[in-house]
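Asker: Take a look at the following structure, please.
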Amino acid sequence: MLGVCDYGKEKMKFFNKRSPTGQKRSDDTGASQVVMTLPTAFQELLSTGYTKLSDSPEVRMAVDTIADMVSNMTIQLMQNGETGDKRVKNALSRVVDIEPNKYLSRKSFIQWIVRSMLLEGNGNAIVKPTVVRGEVIGLTPISPYKVTFNVSDDDLDYAVSFDNHDYDPSELLHFVINPSIKHPFIGTGYKVALKDIVGNLKQANITKKGFMSSEYMPSLIVSVDSDSDKLGDEEGRTKFEEMYLKRKDTGKPWIIPEGMINIQQIKPLTLNDLALNDAVTLDKKTVAGLFGVPAFLLGVGTYNKDEFNNFVNTKVLSIAQVIQQTLNKLIIDDDMYFTFNPRSLYNYSLLDMVNAGTQMVKVNALRRNELRNWVGMPPDEEMSDLIVLENYLLQEDLNKQGKLVQENTQKGGEE
C-alpha cells in the first residue's frame, strides 16, 4: 500500500554466551571464591526491528524544513500579457492560496503535500478537488495509507484507488517526486536510499543512550570471597548487591569488609573509541545530501548564507515546481498558470532590501510604496508617484535636455 514506510523486518540473531557458574577453589583456609560480573546486558545496545523514515529525527528535520519553506510561499495565479504576466485574483486563486480546505489553511495544506511526497506517500500525494457547477470550491487531501495504484497491463496507464472506488488521474491532483523508471507517473520517494542510513542513526542513538545511562560506569567485576551456594541464584546475588554495593544516596562510597571483596574495573570503549560522532556526522551529511538540504540544518557544520540561498534556488523551488505544475490542472484558460513567489524565502538583510529597492526606485522601475511593502511598512499616499532623476530621459527625448536647448538658443541669438 502506498505511503507505508516499511523497510521489512530484518531479523538479527544474537548469540548470548552463557556465563560460567562459579567454581569452588580450595585454599589453605578452606574458603571458596565466586566471581560476579555487573552488568552483562550488552544486548540493550543493539537495534532490533525496523525504523520508519518518520521516526528518524534527522529525516524529520530535513523534511519539515523543506515543507515549512515551501508552505511559506504565496501561490499566485498569473495571466500572460503583452507587456508581461500579471497576477489574477479570483475564486480559484482564493481556493488555492487562501482556503483550499475548510479544515486546513494554505500553509498546512502545502505542508501536508510536501510531507506526503517526501515521507509518508513514497513519492506521491493525492488530492481530490471538489467541483460544483464547473467551479473548484475545495481541495481534499487523501491519506496516503489508503491509496493504491492500479497499473494497466501495458504499463502505459493507471488508476488511483481509495475508498473502494477507482479514479482516473484526470479527476485528481497527483503530486509526484522521484518518478519511477518503470512507471514514470508514480513516485518512488526516498525509503530505499535511506534505509541503511536511518538504521545506522538509530543504532548510534541507542548506543549513546546505553553508554550514558548505564548503572555502572565503567563496568565492574566483583570477586567475592564467599560460598558459591549463597551466590548461585539471582536472589542471592541481588541480596549481596543490596547489602554491600548500593547506597541510598547516590555518589556515596561503598563500605565493604576488608578482604571480602575484590573489585576490578573494566574500562569499556568510549564513544570516541567507537568513532561514533564521526559516523553520525557522516550519516547526517548523507541524509542532508539525499534531501538536498544544507548539512547545518541537521546540526552539522556552521551556517552559510550563500548555501542557504542556493538551497532555496534548488531544492525548495524544485518541490514548488512540482506542486504548481500539478495545480495547473485546475485551470481552464490556456493563458493562466500558478506560480510560487520565493522572494520572501531568501536570506535578505533589511539593508540589502533597502539598497536593492532604492536602486530600482532611481531608475523608475519601482514605486516607493512597493519598496515600503518589501520592508513591511504600510503604504503612504505621498509615495505613490513614480520619481525619476532629471538625467534619465527617453532616447527620443535626448535632444530636449535643458542644456542642449539653452546652447541652441544661444547659438541662434549670435547668428
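Identifiers in the C-alpha cells: chain A, B, ... in order shown; residue index from 1 per chain; ligand index from 1 in order shown.
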As an MDAnalysis selection string, please: the residues near Gly299 of chain A (cut-off 10 Å, only C-alpha atoms, same-chain neighbours under 2 positions excluded).

Answerer: chainID A and resid 58 61 281 284:285 294:297 301:303

Asker: Show me, as a Markdown table, the residues of segment 261-374 of chain A having an atom within 7 Å of segment 163-178 of chain A, each with the closest atom pair and its distance in Å, using only C-alpha atoms.

Answerer:
```
| residue | atom | partner | partner_atom | distance |
| --- | --- | --- | --- | --- |
| A:Val322 | CA | A:Phe175 | CA | 6.8 |
| A:Ile323 | CA | A:Phe175 | CA | 6.5 |
| A:Thr326 | CA | A:Phe175 | CA | 6.3 |
```

Asker: My list of candidates is A:Arg115, A:Lys195, A:Lys246, A:His183. Which is closest to Asp157 of chain A when distances are computed with only C-alpha atoms?

Answerer: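 Checking each candidate against Asp157 of chain A, we get A:His183 as the closest.
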
Asker: As a ChimeraX atom specification, please: the residues near Gln321 of chain A (cut-off 10 Å, only C-alpha atoms, same-chain neighbours under 6 positions excluded).

Answerer: /A:315,327,338-340

Asker: Write to file, as a PDB file, in the first residue's frame, the residues of the selection just made, with all heavy atoms.

Answerer:
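Saved to again34.pdb:
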```
ATOM      1  N   LYS A 315      16.463  23.036  -4.202  1.00  0.00           N
ATOM      2  CA  LYS A 315      15.527  22.047  -3.673  1.00  0.00           C
ATOM      3  C   LYS A 315      14.144  22.629  -3.401  1.00  0.00           C
ATOM      4  O   LYS A 315      13.118  22.040  -3.791  1.00  0.00           O
ATOM      5  CB  LYS A 315      16.088  21.430  -2.389  1.00  0.00           C
ATOM      6  CG  LYS A 315      15.318  20.193  -1.940  1.00  0.00           C
ATOM      7  CD  LYS A 315      15.400  19.111  -3.013  1.00  0.00           C
ATOM      8  CE  LYS A 315      14.648  17.867  -2.593  1.00  0.00           C
ATOM      9  NZ  LYS A 315      14.762  16.809  -3.606  1.00  0.00           N
ATOM     10  N   LEU A 327      -0.946  21.826  -9.901  1.00  0.00           N
ATOM     11  CA  LEU A 327      -2.114  22.676  -9.670  1.00  0.00           C
ATOM     12  C   LEU A 327      -2.644  23.281 -10.963  1.00  0.00           C
ATOM     13  O   LEU A 327      -3.822  23.658 -11.044  1.00  0.00           O
ATOM     14  CB  LEU A 327      -1.762  23.792  -8.677  1.00  0.00           C
ATOM     15  CG  LEU A 327      -1.550  23.380  -7.214  1.00  0.00           C
ATOM     16  CD1 LEU A 327      -1.033  24.558  -6.400  1.00  0.00           C
ATOM     17  CD2 LEU A 327      -2.842  22.840  -6.605  1.00  0.00           C
ATOM     18  N   PHE A 338      -0.259  28.805 -12.333  1.00  0.00           N
ATOM     19  CA  PHE A 338       0.070  29.069 -10.934  1.00  0.00           C
ATOM     20  C   PHE A 338       1.589  29.148 -10.776  1.00  0.00           C
ATOM     21  O   PHE A 338       2.347  28.450 -11.463  1.00  0.00           O
ATOM     22  CB  PHE A 338      -0.460  27.970 -10.018  1.00  0.00           C
ATOM     23  CG  PHE A 338      -1.932  28.047  -9.759  1.00  0.00           C
ATOM     24  CD1 PHE A 338      -2.807  27.115 -10.307  1.00  0.00           C
ATOM     25  CD2 PHE A 338      -2.457  29.062  -8.970  1.00  0.00           C
ATOM     26  CE1 PHE A 338      -4.162  27.174 -10.068  1.00  0.00           C
ATOM     27  CE2 PHE A 338      -3.818  29.137  -8.719  1.00  0.00           C
ATOM     28  CZ  PHE A 338      -4.678  28.198  -9.277  1.00  0.00           C
ATOM     29  N   THR A 339       2.022  29.986  -9.864  1.00  0.00           N
ATOM     30  CA  THR A 339       3.448  30.071  -9.556  1.00  0.00           C
ATOM     31  C   THR A 339       3.633  30.455  -8.092  1.00  0.00           C
ATOM     32  O   THR A 339       2.819  31.180  -7.513  1.00  0.00           O
ATOM     33  CB  THR A 339       4.151  31.116 -10.450  1.00  0.00           C
ATOM     34  OG1 THR A 339       5.558  31.118 -10.162  1.00  0.00           O
ATOM     35  CG2 THR A 339       3.603  32.508 -10.207  1.00  0.00           C
ATOM     36  N   PHE A 340       4.687  29.935  -7.491  1.00  0.00           N
ATOM     37  CA  PHE A 340       5.051  30.306  -6.121  1.00  0.00           C
ATOM     38  C   PHE A 340       5.930  31.551  -6.165  1.00  0.00           C
ATOM     39  O   PHE A 340       6.727  31.731  -7.089  1.00  0.00           O
ATOM     40  CB  PHE A 340       5.823  29.177  -5.441  1.00  0.00           C
ATOM     41  CG  PHE A 340       4.954  28.055  -4.935  1.00  0.00           C
ATOM     42  CD1 PHE A 340       4.525  27.052  -5.786  1.00  0.00           C
ATOM     43  CD2 PHE A 340       4.572  28.001  -3.612  1.00  0.00           C
ATOM     44  CE1 PHE A 340       3.739  26.014  -5.320  1.00  0.00           C
ATOM     45  CE2 PHE A 340       3.779  26.978  -3.137  1.00  0.00           C
ATOM     46  CZ  PHE A 340       3.361  25.976  -3.994  1.00  0.00           C
TER      47      PHE A 340
END
```

Asker: Could you pull out the residues in segment 42-154 of chain A that DSSP calls alpha helix (DSSP H) from the backbone, as a ChimeraX atom specification?

Answerer: /A:57-72,91-97,106-115

Asker: Which of these residues is nearest to Asp196 of chain A, using only C-alpha atoms: A:Gln325, A:Ser56, A:Asn124, A:Gln76?

Answerer: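 Closest to Asp196 of chain A, using only C-alpha atoms: A:Ser56.
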
Asker: Do a neighbour search on Asn72 of chain A at 9 Å with only C-alpha atoms, toss out local chain neighbours closer than 6 positions, and write the hits as a PyMOL selection string.

Answerer: chain A and resi 107+110+342+344-345

Asker: Output C-alpha atoms of each residue in that selection to a file, as an mmCIF file, in the first residue's frame.

Answerer:
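Resulting contents of selection32.cif:
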```
data_model
loop_
_atom_site.group_PDB
_atom_site.id
_atom_site.type_symbol
_atom_site.label_atom_id
_atom_site.label_comp_id
_atom_site.auth_asym_id
_atom_site.auth_seq_id
_atom_site.Cartn_x
_atom_site.Cartn_y
_atom_site.Cartn_z
ATOM 1 C CA LYS A 107 0.256 26.591 4.758
ATOM 2 C CA ILE A 110 1.051 22.612 1.316
ATOM 3 C CA PRO A 342 10.033 32.729 -3.481
ATOM 4 C CA SER A 344 10.312 36.053 0.981
ATOM 5 C CA LEU A 345 12.427 32.931 1.476
#
```

Asker: Between atom CA of Asp306 of chain A and atom CA of Leu290 of chain A, measure the distance and give it in Å to one decimal.

Answerer: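 Computing the Euclidean distance for atom CA of Asp306 of chain A and atom CA of Leu290 of chain A yields 19.3 Å.
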
Asker: Can you tell me how far atom CA of Trp112 of chain A sits from atom CA of Asn310 of chain A, in Å to one decimal?

Answerer: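 Separating atom CA of Trp112 of chain A from atom CA of Asn310 of chain A is a distance of 23.9 Å.
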
Asker: Extract, using only C-alpha atoms, all DNA, RNA and protein residues at most 12 Å from Val147 of chain A, discarding same-chain residues fewer than 6 positions from it, and format them as a CSV table (one decimal) with N, CA, C and O atoms, in the first residue's frame.

Answerer:
```csv
chain,number,residue,atom,x,y,z
A,1,MET,N,0.8,-1.2,0.0
A,1,MET,CA,0.0,0.0,0.0
A,1,MET,C,0.9,1.2,0.0
A,1,MET,O,1.9,1.3,0.6
A,2,LEU,N,0.5,2.3,-0.8
A,2,LEU,CA,1.2,3.5,-0.9
A,2,LEU,C,1.4,4.2,0.5
A,2,LEU,O,0.5,4.2,1.3
A,3,GLY,N,2.6,4.7,0.6
A,3,GLY,CA,2.9,5.6,1.8
A,3,GLY,C,3.4,4.9,3.0
A,3,GLY,O,3.7,5.5,4.0
A,4,VAL,N,3.3,3.6,3.1
A,4,VAL,CA,3.8,2.9,4.3
A,4,VAL,C,5.3,2.7,4.2
A,4,VAL,O,5.8,2.0,3.3
A,116,SER,N,3.8,14.3,2.5
A,116,SER,CA,3.4,13.1,1.9
A,116,SER,C,4.3,12.6,0.8
A,116,SER,O,4.6,11.4,0.7
A,120,GLU,N,5.7,10.1,3.8
A,120,GLU,CA,4.7,9.2,4.0
A,120,GLU,C,4.2,8.5,2.8
A,120,GLU,O,3.8,7.3,2.8
A,121,GLY,N,4.1,9.2,1.7
A,121,GLY,CA,3.5,8.7,0.5
A,121,GLY,C,4.4,8.0,-0.5
A,121,GLY,O,4.0,7.8,-1.7
A,122,ASN,N,5.6,7.8,-0.1
A,122,ASN,CA,6.5,7.1,-1.0
A,122,ASN,C,6.6,7.8,-2.3
A,122,ASN,O,6.7,7.2,-3.4
A,124,ASN,N,4.5,10.2,-3.5
A,124,ASN,CA,3.2,10.5,-4.1
A,124,ASN,C,2.3,11.3,-3.0
A,124,ASN,O,2.4,11.0,-1.8
A,125,ALA,N,1.5,12.1,-3.5
A,125,ALA,CA,0.5,12.8,-2.7
A,125,ALA,C,-0.8,13.0,-3.6
A,125,ALA,O,-0.7,13.4,-4.7
A,126,ILE,N,-1.9,12.6,-3.1
A,126,ILE,CA,-3.2,12.6,-3.8
A,126,ILE,C,-4.1,13.6,-3.2
A,126,ILE,O,-4.4,13.6,-2.0
A,127,VAL,N,-4.7,14.5,-4.0
A,127,VAL,CA,-5.7,15.5,-3.6
A,127,VAL,C,-6.9,15.4,-4.5
A,127,VAL,O,-6.8,15.3,-5.7
A,128,LYS,N,-8.1,15.4,-3.9
A,128,LYS,CA,-9.3,15.3,-4.7
A,128,LYS,C,-10.0,16.6,-4.7
A,128,LYS,O,-10.4,17.1,-3.7
A,141,PRO,N,-7.3,16.5,0.8
A,141,PRO,CA,-6.2,15.6,0.9
A,141,PRO,C,-6.6,14.2,1.2
A,141,PRO,O,-7.4,14.0,2.1
A,159,ALA,N,-4.8,3.8,-12.6
A,159,ALA,CA,-6.0,4.3,-11.9
A,159,ALA,C,-5.6,4.4,-10.4
A,159,ALA,O,-4.7,3.7,-9.9
A,160,VAL,N,-6.2,5.4,-9.8
A,160,VAL,CA,-5.9,5.6,-8.3
A,160,VAL,C,-7.1,5.1,-7.5
A,160,VAL,O,-8.2,5.5,-7.8
A,161,SER,N,-6.9,4.2,-6.6
A,161,SER,CA,-8.0,3.6,-5.8
A,161,SER,C,-7.9,4.0,-4.4
A,161,SER,O,-6.9,4.0,-3.7
A,162,PHE,N,-9.1,4.4,-3.9
A,162,PHE,CA,-9.2,4.6,-2.4
A,162,PHE,C,-10.7,4.7,-2.1
A,162,PHE,O,-11.5,5.0,-3.0
A,163,ASP,N,-11.1,4.4,-0.9
A,163,ASP,CA,-12.5,4.4,-0.5
A,163,ASP,C,-13.3,3.5,-1.4
A,163,ASP,O,-14.5,3.8,-1.8
A,164,ASN,N,-12.8,2.3,-1.8
A,164,ASN,CA,-13.5,1.3,-2.7
A,164,ASN,C,-13.9,1.9,-4.0
A,164,ASN,O,-15.0,1.6,-4.5
A,165,HIS,N,-13.1,2.8,-4.5
A,165,HIS,CA,-13.5,3.4,-5.8
A,165,HIS,C,-12.2,3.7,-6.6
A,165,HIS,O,-11.2,4.1,-6.1
A,166,ASP,N,-12.3,3.4,-7.9
A,166,ASP,CA,-11.2,3.7,-8.8
A,166,ASP,C,-11.4,5.1,-9.5
A,166,ASP,O,-12.5,5.3,-10.1
A,167,TYR,N,-10.4,5.9,-9.4
A,167,TYR,CA,-10.5,7.2,-10.0
A,167,TYR,C,-9.5,7.3,-11.2
A,167,TYR,O,-8.3,6.8,-11.1
A,174,HIS,N,-2.4,14.6,-8.6
A,174,HIS,CA,-1.4,13.6,-8.2
A,174,HIS,C,0.0,14.2,-8.3
A,174,HIS,O,0.5,14.5,-9.3
```

Asker: Can you work out which one of A:Trp374, A:Trp254, A:Tyr346, A:Phe185 has the shortest atom-to-atom distance to Asp155 of chain A, counting only C-alpha atoms?

Answerer: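 Smallest separation from Asp155 of chain A among the options: A:Phe185.
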
Asker: Quick one: distance from atom CA of Asp154 of chain A to atom CA of Ile186 of chain A in Å, one decimal?

Answerer: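 Computing it gives 14.9 Å between the two atoms.
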
Asker: A:Thr358, A:Asn309, A:Asn262, A:Ser152: which is nearest Val224 of chain A, counting only C-alpha atoms?

Answerer: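 With only C-alpha atoms as the atom set, the closest residue is A:Asn262.
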
Asker: Applying 10 Å and only C-alpha atoms, which residues near Ala193 of chain A remain after dropping the ones on its own chain fewer than 5 positions away? List them as a list in words.

Answerer: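 The neighbour list is Val198, Thr286, Val287 and Leu290 of chain A.
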